[in-house]
$ cat work-v4.cif   # mmCIF, C-alpha atoms
data_upload
loop_
_atom_site.label_atom_id
_atom_site.label_comp_id
_atom_site.auth_asym_id
_atom_site.auth_seq_id
_atom_site.Cartn_x
_atom_site.Cartn_y
_atom_site.Cartn_z
CA MET D 26 23.06 13.01 38.81
CA ASP D 27 25.69 10.61 37.58
CA SER D 28 26.41 10.10 33.92
CA MET D 29 24.35 6.90 33.66
CA THR D 30 21.15 8.67 34.68
CA LEU D 31 21.89 11.55 32.34
CA ILE D 32 22.47 9.19 29.42
CA ALA D 33 19.28 7.29 30.20
CA ILE D 34 17.20 10.48 30.42
CA ALA D 35 18.70 11.93 27.25
CA SER D 36 18.21 8.69 25.29
CA ILE D 37 14.60 8.18 26.28
CA VAL D 38 13.61 11.81 25.71
CA ALA D 39 15.48 11.96 22.42
CA SER D 40 13.95 8.72 21.12
CA GLY D 41 10.47 9.92 21.99
CA LEU D 42 11.09 13.25 20.29
CA THR D 43 12.60 11.51 17.26
CA ILE D 44 9.59 9.36 16.53
CA ALA D 45 7.10 12.09 17.50
CA LEU D 46 8.56 14.89 15.39
CA GLY D 47 9.77 12.55 12.67
CA SER D 48 6.34 11.11 11.98
CA ILE D 49 4.60 14.48 11.52
CA GLY D 50 6.13 15.25 8.13
CA PRO D 51 5.65 11.82 6.53
CA ALA D 52 2.09 11.66 7.89
CA LEU D 53 1.15 14.96 6.27
CA GLY D 54 2.92 13.95 3.07
CA GLU D 55 1.25 10.55 2.86
CA GLY D 56 -2.14 12.13 3.47
CA ARG D 57 -1.62 14.51 0.58
CA VAL D 58 -0.34 11.71 -1.67
CA VAL D 59 -3.33 9.45 -0.99
CA ALA D 60 -5.81 12.31 -1.40
CA THR D 61 -4.30 13.30 -4.75
CA ALA D 62 -4.12 9.70 -5.93
CA LEU D 63 -7.77 9.11 -4.99
CA SER D 64 -8.94 12.17 -6.86
CA SER D 65 -6.96 11.22 -9.94
CA LEU D 66 -8.32 7.66 -9.68
CA ALA D 67 -11.83 9.10 -9.62
CA GLN D 68 -11.08 11.21 -12.68
CA GLN D 69 -9.27 8.53 -14.67
CA PRO D 70 -10.23 5.00 -13.61
CA ASP D 71 -8.56 3.65 -16.75
CA ALA D 72 -5.11 4.61 -15.51
CA ALA D 73 -5.69 2.75 -12.24
CA THR D 74 -2.71 0.36 -12.55
CA THR D 75 -0.19 3.09 -13.29
CA ILE D 76 -1.53 5.38 -10.58
CA THR D 77 -1.60 2.61 -7.99
CA ARG D 78 1.95 1.50 -8.75
CA THR D 79 3.30 5.04 -8.62
CA LEU D 80 1.29 5.61 -5.44
CA PHE D 81 2.86 2.60 -3.75
CA VAL D 82 6.39 3.51 -4.79
CA GLY D 83 5.89 7.11 -3.66
CA LEU D 84 4.35 6.03 -0.37
CA ALA D 85 7.32 3.75 0.23
CA MET D 86 9.71 6.61 -0.43
CA ILE D 87 7.88 8.92 1.98
CA GLU D 88 7.37 6.25 4.57
CA SER D 89 11.05 5.43 4.62
CA ILE D 90 11.70 8.80 6.28
CA ALA D 91 9.45 7.81 9.17
CA ILE D 92 11.12 4.40 9.20
CA TYR D 93 14.54 6.03 9.55
CA CYS D 94 13.27 7.94 12.59
CA PHE D 95 11.81 4.74 13.99
CA VAL D 96 15.10 2.87 13.53
CA VAL D 97 17.03 5.70 15.19
CA SER D 98 14.67 5.76 18.17
CA MET D 99 14.82 1.97 18.49
CA ILE D 100 18.62 2.13 18.44
CA LEU D 101 18.51 4.82 21.13
CA ILE D 102 16.35 2.62 23.36
CA PHE D 103 17.53 -0.94 22.75
CA ALA D 104 21.04 -0.71 21.32
CA ASN D 105 22.36 2.58 22.64
CA PRO D 106 26.12 2.89 21.98
CA PHE D 107 26.59 5.59 24.65
CA TRP D 108 24.82 3.47 27.22
CA SER D 109 27.03 0.46 26.37
CA HIS D 110 30.07 2.71 26.63
CA ALA D 111 29.01 3.92 30.09
CA ILE D 112 28.35 0.33 31.19
CA ALA D 113 31.79 -0.71 29.97
CA GLN D 114 33.37 2.24 31.81
CA ALA D 115 31.54 1.36 35.02
CA ALA D 116 32.55 -2.29 34.72
CA GLY D 117 36.18 -1.37 34.11
CA ARG D 118 36.39 0.86 37.18
CA MET V 24 14.14 -7.38 24.13
CA ARG V 25 15.75 -8.46 20.87
CA LEU V 26 16.22 -6.04 18.01
CA SER V 27 16.94 -8.67 15.36
CA PRO V 28 17.16 -12.46 14.97
CA ASP V 29 20.95 -12.01 14.79
CA GLU V 30 21.03 -12.25 18.55
CA ILE V 31 19.60 -15.77 18.75
CA ILE V 32 22.68 -17.97 18.46
CA TYR V 33 22.24 -21.70 18.01
CA TRP V 34 25.85 -22.79 17.70
CA GLN V 35 29.16 -21.05 18.17
CA HIS V 36 32.71 -22.17 17.55
CA GLY V 37 35.39 -19.50 17.82
CA PHE V 38 34.31 -16.65 15.60
CA LEU V 39 31.97 -18.86 13.59
CA LYS V 40 28.37 -18.33 14.65
CA LEU V 41 25.16 -19.91 13.47
CA ASN V 42 22.43 -17.44 14.33
CA ALA V 43 18.73 -17.53 13.61
CA THR V 44 19.09 -15.25 10.58
CA ILE V 45 21.38 -17.65 8.75
CA ALA V 46 19.36 -20.69 9.78
CA TYR V 47 16.03 -19.26 8.65
CA THR V 48 17.51 -17.82 5.46
CA TRP V 49 18.79 -21.24 4.46
CA GLY V 50 15.53 -22.81 5.53
CA LEU V 51 13.60 -20.41 3.31
CA MET V 52 15.96 -21.00 0.41
CA PHE V 53 15.54 -24.75 0.91
CA VAL V 54 11.74 -24.47 0.98
CA LEU V 55 11.68 -22.25 -2.13
CA ALA V 56 14.10 -24.42 -4.11
CA LEU V 57 12.51 -27.71 -3.08
CA GLY V 58 9.01 -26.39 -3.75
CA SER V 59 9.90 -25.16 -7.23
CA LYS V 60 11.73 -28.40 -7.97
CA LEU V 61 8.79 -30.54 -6.89
CA VAL V 62 6.27 -28.45 -8.83
CA THR V 63 8.26 -28.20 -12.04
CA ARG V 64 9.09 -31.92 -12.02
CA LYS V 65 5.94 -32.88 -13.88
CA LEU V 66 4.97 -29.90 -16.02
CA SER V 67 2.20 -30.30 -18.53
CA THR V 68 1.13 -28.09 -21.40
CA GLY V 69 -2.33 -29.59 -21.72
CA LEU V 70 -5.48 -28.64 -19.90
CA GLN V 71 -4.83 -31.25 -17.20
CA ARG V 72 -2.38 -29.62 -14.84
CA SER V 73 -1.78 -29.77 -11.15
CA ARG V 74 -2.98 -26.99 -8.87
CA TRP V 75 0.61 -26.23 -7.87
CA GLN V 76 1.59 -25.65 -11.47
CA ASN V 77 -1.36 -23.28 -11.74
CA LEU V 78 -0.14 -21.42 -8.66
CA LEU V 79 3.40 -21.06 -10.01
CA GLU V 80 2.09 -19.98 -13.41
CA ILE V 81 -0.02 -17.27 -11.79
CA ILE V 82 2.98 -16.02 -9.79
CA VAL V 83 5.41 -16.07 -12.71
CA THR V 84 3.09 -14.44 -15.23
CA GLY V 85 2.07 -11.86 -12.62
CA ILE V 86 5.68 -10.87 -11.91
CA ASN V 87 6.39 -10.87 -15.64
CA GLN V 88 3.48 -8.53 -16.28
CA GLN V 89 4.53 -6.18 -13.47
CA ILE V 90 8.07 -5.94 -14.87
CA ALA V 91 6.72 -5.28 -18.35
CA GLU V 92 4.42 -2.54 -17.04
CA VAL V 93 7.36 -0.63 -15.57
CA GLY V 94 8.77 -0.46 -19.08
CA LEU V 95 11.47 -3.10 -19.40
CA ARG V 96 11.34 -4.47 -22.90
CA ARG V 97 12.32 -8.10 -22.29
CA PRO V 98 10.89 -9.03 -18.90
CA GLN V 99 12.02 -12.65 -19.22
CA LYS V 100 15.62 -11.55 -18.87
CA TYR V 101 15.05 -9.83 -15.54
CA LEU V 102 12.47 -12.30 -14.25
CA GLY V 103 15.03 -14.50 -12.49
CA PHE V 104 16.60 -11.75 -10.43
CA LEU V 105 13.54 -9.65 -9.63
CA GLY V 106 11.28 -12.65 -9.14
CA SER V 107 13.71 -14.22 -6.68
CA LEU V 108 13.91 -10.96 -4.73
CA PHE V 109 10.13 -10.71 -4.54
CA LEU V 110 9.58 -14.36 -3.66
CA PHE V 111 12.25 -14.36 -0.96
CA VAL V 112 11.00 -11.21 0.77
CA ALA V 113 7.36 -12.26 0.41
CA MET V 114 7.94 -15.77 1.75
CA ALA V 115 10.06 -14.39 4.59
CA SER V 116 7.11 -12.36 5.85
CA LEU V 117 4.47 -14.96 4.91
CA PHE V 118 6.11 -17.60 7.10
CA THR V 119 5.53 -15.47 10.20
CA ILE V 120 2.24 -17.38 10.61
CA VAL V 121 4.39 -20.35 11.68
CA PRO V 122 4.97 -20.09 15.46
CA GLY V 123 8.57 -19.72 16.55
CA TYR V 124 9.68 -18.36 13.22
CA GLU V 125 11.66 -15.12 13.02
CA PRO V 126 11.70 -13.39 9.62
CA PRO V 127 15.32 -13.20 8.39
CA THR V 128 14.44 -9.89 6.73
CA GLY V 129 14.11 -8.45 10.24
CA SER V 130 17.91 -8.43 10.41
CA LEU V 131 19.87 -5.57 8.90
CA SER V 132 22.44 -8.04 7.50
CA THR V 133 19.90 -9.79 5.26
CA THR V 134 18.34 -6.60 3.95
CA THR V 135 21.78 -5.07 3.33
CA ALA V 136 22.75 -8.17 1.36
CA LEU V 137 19.59 -7.89 -0.75
CA ALA V 138 20.18 -4.17 -1.32
CA ILE V 139 23.80 -4.81 -2.32
CA CYS V 140 22.53 -7.38 -4.83
CA VAL V 141 20.40 -4.61 -6.38
CA PHE V 142 23.32 -2.17 -6.17
CA VAL V 143 25.53 -4.58 -8.14
CA ALA V 144 22.85 -5.78 -10.55
CA VAL V 145 21.75 -2.32 -11.72
CA PRO V 146 25.11 -1.31 -13.31
CA LEU V 147 25.54 -4.83 -14.72
CA PHE V 148 22.20 -4.73 -16.54
CA GLY V 149 22.86 -1.13 -17.57
CA ILE V 150 26.28 -1.91 -19.05
CA GLU V 151 24.92 -4.99 -20.76
CA GLU V 152 22.12 -2.99 -22.35
CA GLN V 153 23.88 0.17 -23.50
CA GLY V 154 27.60 -0.52 -23.20
CA LEU V 155 30.11 0.74 -20.64
CA GLY V 156 30.41 4.21 -22.15
CA GLY V 157 26.71 4.64 -22.60
CA TYR V 158 26.03 3.62 -19.01
CA LEU V 159 28.75 5.85 -17.53
CA ARG V 160 27.52 8.78 -19.61
CA ASP V 161 24.24 8.62 -17.70
CA TYR V 162 26.10 9.86 -14.63
CA LEU V 163 27.04 13.07 -16.46
CA LYS V 164 23.46 13.97 -17.21
CA PRO V 165 22.16 16.63 -17.34
CA THR V 166 25.56 18.30 -16.73
CA VAL V 167 28.96 17.28 -15.39
CA ILE V 168 28.23 19.15 -12.16
CA MET V 169 25.61 16.52 -11.29
CA LEU V 170 28.21 13.70 -11.18
CA PRO V 171 28.74 13.66 -7.39
CA PHE V 172 25.02 13.95 -6.73
CA ASN V 173 24.27 11.05 -9.05
CA ILE V 174 26.83 8.91 -7.22
CA ILE V 175 25.42 9.95 -3.84
CA SER V 176 21.89 9.12 -4.94
CA GLU V 177 23.09 5.70 -6.08
CA LEU V 178 24.53 5.01 -2.62
CA SER V 179 21.71 6.56 -0.62
CA ARG V 180 18.99 4.64 -2.41
CA THR V 181 20.82 1.40 -1.61
CA LEU V 182 20.88 2.43 2.06
CA ALA V 183 17.20 3.37 1.83
CA LEU V 184 16.29 -0.03 0.34
CA ALA V 185 18.07 -1.86 3.15
CA VAL V 186 16.83 0.28 6.05
CA ARG V 187 13.25 0.47 4.75
CA LEU V 188 12.79 -3.30 4.63
CA PHE V 189 14.63 -3.80 7.92
CA GLY V 190 12.63 -1.09 9.69
CA ASN V 191 9.29 -2.43 8.51
CA MET V 192 10.02 -6.05 9.41
CA MET V 193 11.67 -5.15 12.72
CA SER V 194 8.80 -2.86 13.71
CA GLY V 195 6.32 -5.65 12.97
CA THR V 196 7.98 -8.18 15.26
CA LEU V 197 8.73 -5.54 17.90
CA ILE V 198 5.15 -4.28 18.06
CA LEU V 199 3.97 -7.90 18.39
CA ALA V 200 6.40 -8.47 21.26
CA ILE V 201 5.32 -5.27 23.04
CA LEU V 202 1.60 -6.04 22.54
CA LEU V 203 2.06 -9.56 23.91
CA THR V 204 3.16 -8.07 27.21
CA ILE V 205 0.28 -5.55 27.37
CA THR V 206 -2.78 -7.20 25.80
CA PRO V 207 -1.95 -10.85 25.16
CA PHE V 208 -5.35 -11.91 23.80
CA ILE V 209 -6.90 -10.45 20.64
CA PHE V 210 -4.74 -7.53 19.56
CA PRO V 211 -1.60 -9.48 18.65
CA ILE V 212 -3.64 -11.46 16.09
CA ALA V 213 -4.89 -8.27 14.42
CA MET V 214 -1.38 -6.83 14.43
CA SER V 215 0.12 -9.98 12.93
CA ALA V 216 -2.52 -9.87 10.18
CA LEU V 217 -1.46 -6.28 9.56
CA GLY V 218 2.16 -7.50 9.60
CA LEU V 219 1.35 -9.98 6.83
CA LEU V 220 -0.12 -7.14 4.76
CA THR V 221 2.88 -4.86 5.33
CA GLY V 222 5.21 -7.75 4.51
CA MET V 223 3.53 -8.28 1.15
CA VAL V 224 3.52 -4.55 0.41
CA GLN V 225 7.20 -4.29 1.33
CA ALA V 226 8.06 -7.26 -0.90
CA TYR V 227 6.19 -5.59 -3.76
CA ILE V 228 7.87 -2.27 -3.10
CA PHE V 229 11.36 -3.77 -2.83
CA SER V 230 11.07 -5.58 -6.14
CA ILE V 231 9.27 -2.74 -7.93
CA LEU V 232 11.97 -0.27 -6.80
CA ALA V 233 14.66 -2.64 -8.07
CA THR V 234 12.74 -2.85 -11.36
CA VAL V 235 12.49 0.93 -11.59
CA TYR V 236 16.22 1.31 -10.92
CA ILE V 237 17.07 -1.27 -13.59
CA ALA V 238 14.69 0.39 -16.03
CA ALA V 239 16.38 3.73 -15.36
CA ALA V 240 19.83 2.22 -15.85
CA THR V 241 18.89 0.48 -19.10
CA ARG V 242 17.09 3.65 -20.18
CA ALA V 243 14.05 1.62 -21.14
CA ARG V 244 11.38 3.49 -22.96
CA LYS V 245 7.78 2.68 -22.31
CA PRO V 246 6.22 1.03 -25.34
CA ALA V 247 3.63 3.17 -27.08
CA PRO V 248 0.16 2.57 -25.60
CA GLY V 249 -2.16 0.38 -27.58
#

$ encode --input "work-v4.cif" --output "structure tokens"
Amino acid sequence: MDSMTLIAIASIVASGLTIALGSIGPALGEGRVVATALSSLAQQPDAATTITRTLFVGLAMIESIAIYCFVVSMILIFANPFWSHAIAQAAGR
Amino acid sequence: MRLSPDEIIYWQHGFLKLNATIAYTWGLMFVLALGSKLVTRKLSTGLQRSRWQNLLEIIVTGINQQIAEVGLRRPQKYLGFLGSLFLFVAMASLFTIVPGYEPPTGSLSTTTALAICVFVAVPLFGIEEQGLGGYLRDYLKPTVIMLPFNIISELSRTLALAVRLFGNMMSGTLILAILLTITPFIFPIAMSALGLLTGMVQAYIFSILATVYIAAATRARKPAPG
């Protein structure tokens, strides 16, 4: 296999693994957060505004981890620096 | 496949480029400024008021209330900055219902600029509120050893602000583009409705995080309940 094929295989497999493994943790975390927030909302409906705001901010924090993985996998597929480098090398030869 | 509206270039002269991000950003700014100008031209304090004034009053008092709930004592002072952030990000995702429009927040340049605004504004408000020494002393808390970690957290949360907004907006447009090639009939509509919802939530989160950071820098105490 030449280097282009290797780079393509590695990028696609790595981007798939990135989003697959990287979404497990945030998914579990967000599930726990929402479950806890719902039970505290059921216990204290008066504190709904505070709980909801904190819930949203916390969810955003957790979700950003998954978003980082998504951005990395998108970069690996659509804007891969190694791929561009290999293309430039092939064009120069 | 495009990753961001940076790659649509309308006009180029040497190193000067006019891409879709800049064009739509200025378009949004124009719409926001012109809309506010037109609405606030004939303000009334009586019971007879236009529906647009009602709309703006709802928005402004809502943002004001949200800022006050986080614990900033004088929300009016921060309303300009935080309100503009919220309105810009919210309008940027709301306008996706217009065909042919690309949200400028789907470009990493725009979101980085917004995050840098927050990064600069937080120390400014902090110094203004508790003086230069008082603000810098916050970095030494709880001990001096935490100084590098406090600085790192300051930088990393700016990065997180930028990448979070960019990732959400970019994923919205990208999923739409992918779905259009697979199932071009009903599903893109549902996904764009979901995109509107995520856009609003992201606008709320961006501005509420900026508010929380400013509240932490000005060491605002929550007023006693009641």

$ closest_atom_pairs --input "work-v4.cif" --of "chain V" --to "chain D" --cutoff "9 Å" --atoms "all atoms listed in the file" --output "Markdown table"
| residue | atom | partner | partner_atom | distance |
| --- | --- | --- | --- | --- |
| V:Met24 | CA | D:Phe103 | CA | 7.4 |
| V:Arg25 | CA | D:Phe103 | CA | 8.0 |
| V:Leu26 | CA | D:Phe103 | CA | 7.1 |
| V:Glu92 | CA | D:Thr75 | CA | 8.2 |
| V:Val93 | CA | D:Thr75 | CA | 8.7 |
| V:Ala183 | CA | D:Ser89 | CA | 7.1 |
| V:Leu184 | CA | D:Ser89 | CA | 8.7 |
| V:Val186 | CA | D:Tyr93 | CA | 7.1 |
| V:Arg187 | CA | D:Ser89 | CA | 5.4 |
| V:Leu188 | CA | D:Ser89 | CA | 8.9 |
| V:Phe189 | CA | D:Val96 | CA | 8.7 |
| V:Gly190 | CA | D:Ile92 | CA | 5.7 |
| V:Asn191 | CA | D:Ile92 | CA | 7.1 |
| V:Met193 | CA | D:Val96 | CA | 8.8 |
| V:Ser194 | CA | D:Phe95 | CA | 8.2 |
| V:Val224 | CA | D:Phe81 | CA | 8.3 |
| V:Gln225 | CA | D:Ala85 | CA | 8.1 |
| V:Tyr227 | CA | D:Phe81 | CA | 8.8 |
| V:Ile228 | CA | D:Val82 | CA | 6.2 |
| V:Ile231 | CA | D:Val82 | CA | 7.6 |
| V:Leu232 | CA | D:Val82 | CA | 7.0 |

$ residues_around --input "work-v4.cif" --residues "Ile212 (chain V)" --least-positions-apart "5" --cutoff "12 Å" --atoms "all atoms listed in the file" --output "list of chain:residue names"
V:Thr119, V:Ile120, V:Gly195, V:Ile198, V:Leu199, V:Ala200, V:Leu202, V:Leu203, V:Thr206, V:Pro207, V:Leu217, V:Gly218, V:Leu219

$ resolve_selection --input "work-v4.cif" --expression "the PyMOL selection byres ((chain V and resi 237) around 8)" --output "PyMOL selection string"
chain V and resi 144-145+148-149+233-236+238-241

$ resolve_selection --input "work-v4.cif" --expression "the PyMOL selection byres ((chain V and resi 78-89) around 9)" --output "ChimeraX atom specification"
/V:59,62-63,73-77,90-93,98-99,101-102,105-106,109,231

$ residues_around --input "work-v4.cif" --residues "region 27-30 of chain D" --least-positions-apart "5" --cutoff "9 Å" --atoms "all atoms listed in the file" --output "list in words"
Ala35, Trp108, Ala111 and Ile112 of chain D

$ closest_residue --input "work-v4.cif" --among "V:Phe210, V:Tyr162, V:Tyr47, V:Tyr124" --to "Pro146 (chain V)" --atoms "only C-alpha atoms"
V:Tyr162

$ atom_distance --input "work-v4.cif" --atom1 "CA of Met192 (chain V)" --atom2 "CA of Leu95 (chain V)"
29.0 Å

$ atom_distance --input "work-v4.cif" --atom1 "CA of Asn42 (chain V)" --atom2 "CA of Asp29 (chain V)"
5.6 Å

$ atom_distance --input "work-v4.cif" --atom1 "CA of Val143 (chain V)" --atom2 "CA of Arg180 (chain V)"
12.7 Å
